[in-house]
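Below is one structure; the comments refer to it alone.
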Amino acid sequence: MENKTTPIVRMQNISKRFGGVQAVNHVDLDISQGEVHGLVGENGAGKSTLMRVLAGFYPDYEGEVSIRGQLERLSSPKQAMGMGIAMVHQELSLVPELTVAENIFLGREQKSRVPGFIDRKRAEVLAEQLLSELEADISSTEKIAYLSVAKQQLVEIAKGISMRSEVLILDEPTSSLTAPEIKDLFKIIGTLKERGTAIVYISHKLSEVFEIADRITVLRDGIKVETKAASQWDESSLVRAMVGRELASLFSSSHSYAPGEAVLEVKGLTRLPHFEDVTFKVYKGEVLGIYGLVGAGRTDLAESIFGLTASDSGELYIDGSPVRIRSPRDAIADGIALVPEDRRTLGLISSLDARKNLSLPILRLLSSWGFVKQKEELELAKESIQTLEIRVPAIKALVSTLSGGNQQKVVLGKWLNTDPEILILDDPTKGIDVGAKAEIRRIVDNLAGEGKAVILISSELPEILGMSDRVLVMREGRIVGEYDRDMCSDEILGALAAGISIGNLNGLNGWQE
Amino acid sequence: MKSKVGFTETLTEQKRISTAFIALREYGIYFALAFLVLIFSIVTPNFAAMKNLILILLQVSVTGIISIGMLFVILSAGIDLSVGSILAVAGMISGVYAQQDPSPTTVLMALGIPIAIGLLCGLFNGALVSWGKIPALIVTLGTMYAYRGYVIWYRVNPIYNLQPWYRVIGQEKIGPIPIPVVFLLVVVIVASIILNLTRFGRHVYAVGGNQEAARAAGINVNFVKLGVYTISGLLCGLAGLVFTARLGAAQAISGTGYELIAIASVVVGGASLFGGRGTVGKTMVGALIIQVLQSGLVMLNVPSPIQQIVIGMIIIGAVGLDTVMRKEI
């Protein structure tokens, strides 16, 4: 990027604090016209906060922001939008009961010639245009509530693009997109770039950032570590900058693989339309990876095994004898634990502290005559916090105040406390920082070493390949392949999951890690 | 060394400020009550008299008992609008037995029946909410009408000739403390124990905090919901007994509007209507703030419509302030 003119955005000495937390600390950042600027860092590093300052969400920031060389005070999202800055948020901010077109033009409705009325037709036509640019198969008149999360994310992106802004901020835009959708998004980013749009790309997925970014800025604990051209970074220097230390290995699988007898056997499990005729076994002391794209039915399968949702048909066997699991209570009693994909809705009770979350599934064991034994509960919590190295400001701190990685460790700890024989982990490292990812993987590896049966569901190929002893591939609700660890490669699994024949791998290589 | 893992040890200036802030947020309501009492003590000479303070406790006893039941329901992210109607049903049926001369049977019926009736009414609400999957607002709105309709149909005329042995419950004292206040104190203590120390109490907070996560943790969500409405009903039955004995009459219109006083007490006490947050102590403070205001304004000869305006504004102000303080961190 040889751009000698003044950058379109210059942020100088930006600070923002929330209560006692200094989220962003004296950060400088330049964004140039026509560049894709990757913004990376661990969870809580301040990436989103910094960009939300730019998008006008935090009028009480400190520091100076110049847009096109002009010093500006950003005081509202509306003002920022007026200056050509748009942000696509990580948390979806769509109105479920409105249509796609209504959402895209929310607050900027296409006016009709009759004053006070809106031109619905025109909004729909414009929305269709945007969506076809994204090659998204979404009708502009569909209600948001009926769309999958991935499609909602595409609508959110279409909304950001529709503003024809000069600076477009994408905050984790691919977190629920499938591989082909990511490819289309990258194509669009390329087009926008040619038009001169500056794009800020926030992501956890380093491979994506390398693929798309011209320059990469690393933040850590609210402080800027460095901005360099993407070509001057490599994976290990980037990770080092993010976590501030060398990671011995990101994927550790050190347990020796000597599978014992089958602990859990799933036979013909079906729950239409989510998954059909799923049959597999898990053995003691192994990590069974289940790989598939979002929407392949992996989460639904896990939830059915755990009794959260009823299956239509099929059988479960534990240690060879048939079991009926009608609720999570049955599952827990049978020695199954599930670390769910969505920790905020299924994993945590954010109005309770870490101690009470950690003891929740085993409260019965911790109480006598209906009374909770406070001392034992506290001891248990301290033990979990120590062994899992959960960082909490105080043992009574609400879990909602913890970082994503530490929240996930609380969820993991809570289920480990039930001492399960079968542990199902549904995307356990999703949305958490690199350091916490490595720690969680190490814990999982140890569990397999202790003889537990672990089912690891993930959409991150390196994680599946690095951790699993055996891999099942799911696509459209069916198991489409099974591989031993040494026999599978990322290309084979990726192609299988996406439904592409192995001979036709060309489009897949670069970005599928 | 190892034992320190996970705890942040440094206490910076910022953190100290935020600790003070958290203290204010957590205990501010107690200061507010103390402040109100202080103000009224200065402007009305008789306010702080022990007799008057005990009177305030007596006046808060019936709504206080109901508010504690309401707290259980609101903690589980529910609502119970039928509390006033349950009070009336329980009080009326109790009154029927209280007309008769004391025999072991009539005493047992007069005291036991209202509590049993309350429990059954609550159980019915709970069954419809938990297994019926009907929204609590709708269920209890419906039973609010139905229970009230039943009691009016059962006895439209008040029962006045309650026996002295029955009136003791509402009108006598143990030492300096009126018996209704004793009932309230017992309820407060038992409820605190249940919510803070028992597994059921923990489950109430968990279900209200995040129902899905609670179910995933193996909690029987339906049982917890059934439990909170049953507790609410049972306490309304007890309140009906106390109320009738204190008044010396059983009336079909008793307890009208009490659901709103109870909800107000719970939310002024800082509980979240979305569930998962609230305590017995603060609910009592919430009930007392409303009662102290009412009594104090009466003693100042403030006209009743103005009293209502003030109390209404205080409810909005208290909850508004709480919301703002919560956003700060």
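We label chains A, B, ... in the order they appear in the structure tokens, count residues from 1 in each chain, and number ligands from 1 in the order shown.
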Practice item. Please provide as an NGL selection string all residues within 10 Å of segment 94-103 of chain B, with the sequence filter that same-chain residues fewer than 4 positions apart are discarded (counting only C-alpha atoms). Key: :B and (88-90 or 107-115 or 117 or 155 or 158-167 or 237 or 240-241 or 244-245 or 248-251)
May I have the selected residues written with C-alpha atoms, as an mmCIF file, in the first residue's frame?
data_model
loop_
_atom_site.group_PDB
_atom_site.id
_atom_site.type_symbol
_atom_site.label_atom_id
_atom_site.label_comp_id
_atom_site.auth_asym_id
_atom_site.auth_seq_id
_atom_site.Cartn_x
_atom_site.Cartn_y
_atom_site.Cartn_z
ATOM 1 C CA ALA B 88 -59.218 -13.026 50.198
ATOM 2 C CA VAL B 89 -60.170 -16.683 49.595
ATOM 3 C CA ALA B 90 -57.989 -17.900 52.467
ATOM 4 C CA VAL B 107 -58.943 -23.879 65.857
ATOM 5 C CA LEU B 108 -57.072 -26.256 63.599
ATOM 6 C CA MET B 109 -59.396 -25.518 60.690
ATOM 7 C CA ALA B 110 -59.333 -21.739 61.199
ATOM 8 C CA LEU B 111 -55.535 -21.715 61.307
ATOM 9 C CA GLY B 112 -54.710 -24.590 58.973
ATOM 10 C CA ILE B 113 -57.317 -24.158 56.255
ATOM 11 C CA PRO B 114 -56.172 -20.742 54.992
ATOM 12 C CA ILE B 115 -52.618 -21.957 54.657
ATOM 13 C CA ILE B 117 -56.016 -23.133 50.576
ATOM 14 C CA ARG B 155 -69.686 -15.124 50.662
ATOM 15 C CA PRO B 158 -68.467 -9.767 55.279
ATOM 16 C CA ILE B 159 -68.231 -11.953 58.387
ATOM 17 C CA TYR B 160 -67.894 -9.744 61.443
ATOM 18 C CA ASN B 161 -68.575 -11.967 64.434
ATOM 19 C CA LEU B 162 -65.102 -13.509 64.652
ATOM 20 C CA GLN B 163 -64.356 -15.096 68.020
ATOM 21 C CA PRO B 164 -61.866 -13.419 70.400
ATOM 22 C CA TRP B 165 -59.565 -16.461 70.368
ATOM 23 C CA TYR B 166 -59.098 -15.897 66.626
ATOM 24 C CA ARG B 167 -58.554 -12.141 66.859
ATOM 25 C CA GLY B 237 -52.769 -17.934 52.782
ATOM 26 C CA GLY B 240 -54.975 -13.919 54.675
ATOM 27 C CA LEU B 241 -55.143 -15.386 58.163
ATOM 28 C CA THR B 244 -58.534 -11.271 58.761
ATOM 29 C CA ALA B 245 -57.600 -11.672 62.413
ATOM 30 C CA GLY B 248 -61.570 -8.681 62.912
ATOM 31 C CA ALA B 249 -63.629 -9.313 59.798
ATOM 32 C CA ALA B 250 -63.481 -11.530 56.725
ATOM 33 C CA GLN B 251 -64.280 -9.695 53.502
#
Exercise for review: Write out as a list of chain:residue names all residues of segment 83-294 of chain B that backbone DSSP assigns to strand (DSSP E or B).
Suggested key: B:Ile159, B:Lys173, B:Ile174, B:Ile177, B:Pro178, B:Thr198, B:Ala250
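Atom CA of Ser327 of chain A sits 7.8 Å away from atom CA of Thr309 of chain A.
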Practice item. Step one, run DSSP on the backbone; step two, keep only residues of segment 85-313 of chain B assigned to helix (DSSP H, G or I); then write them as a PyMOL selection string. Key: chain B and resi 85-98+104-130+136-154+164-171+179-197+199-209+211-216+221-247+258-268+280-299+304-313
Exercise for review: For Val292 of chain B, please output as a PyMOL selection string all residues within 9 Å (counting only C-alpha atoms; exclusion window: fewer than 2 positions along the same chain).
Suggested key: chain B and resi 33+36-37+40+53+56+287-290+294-297
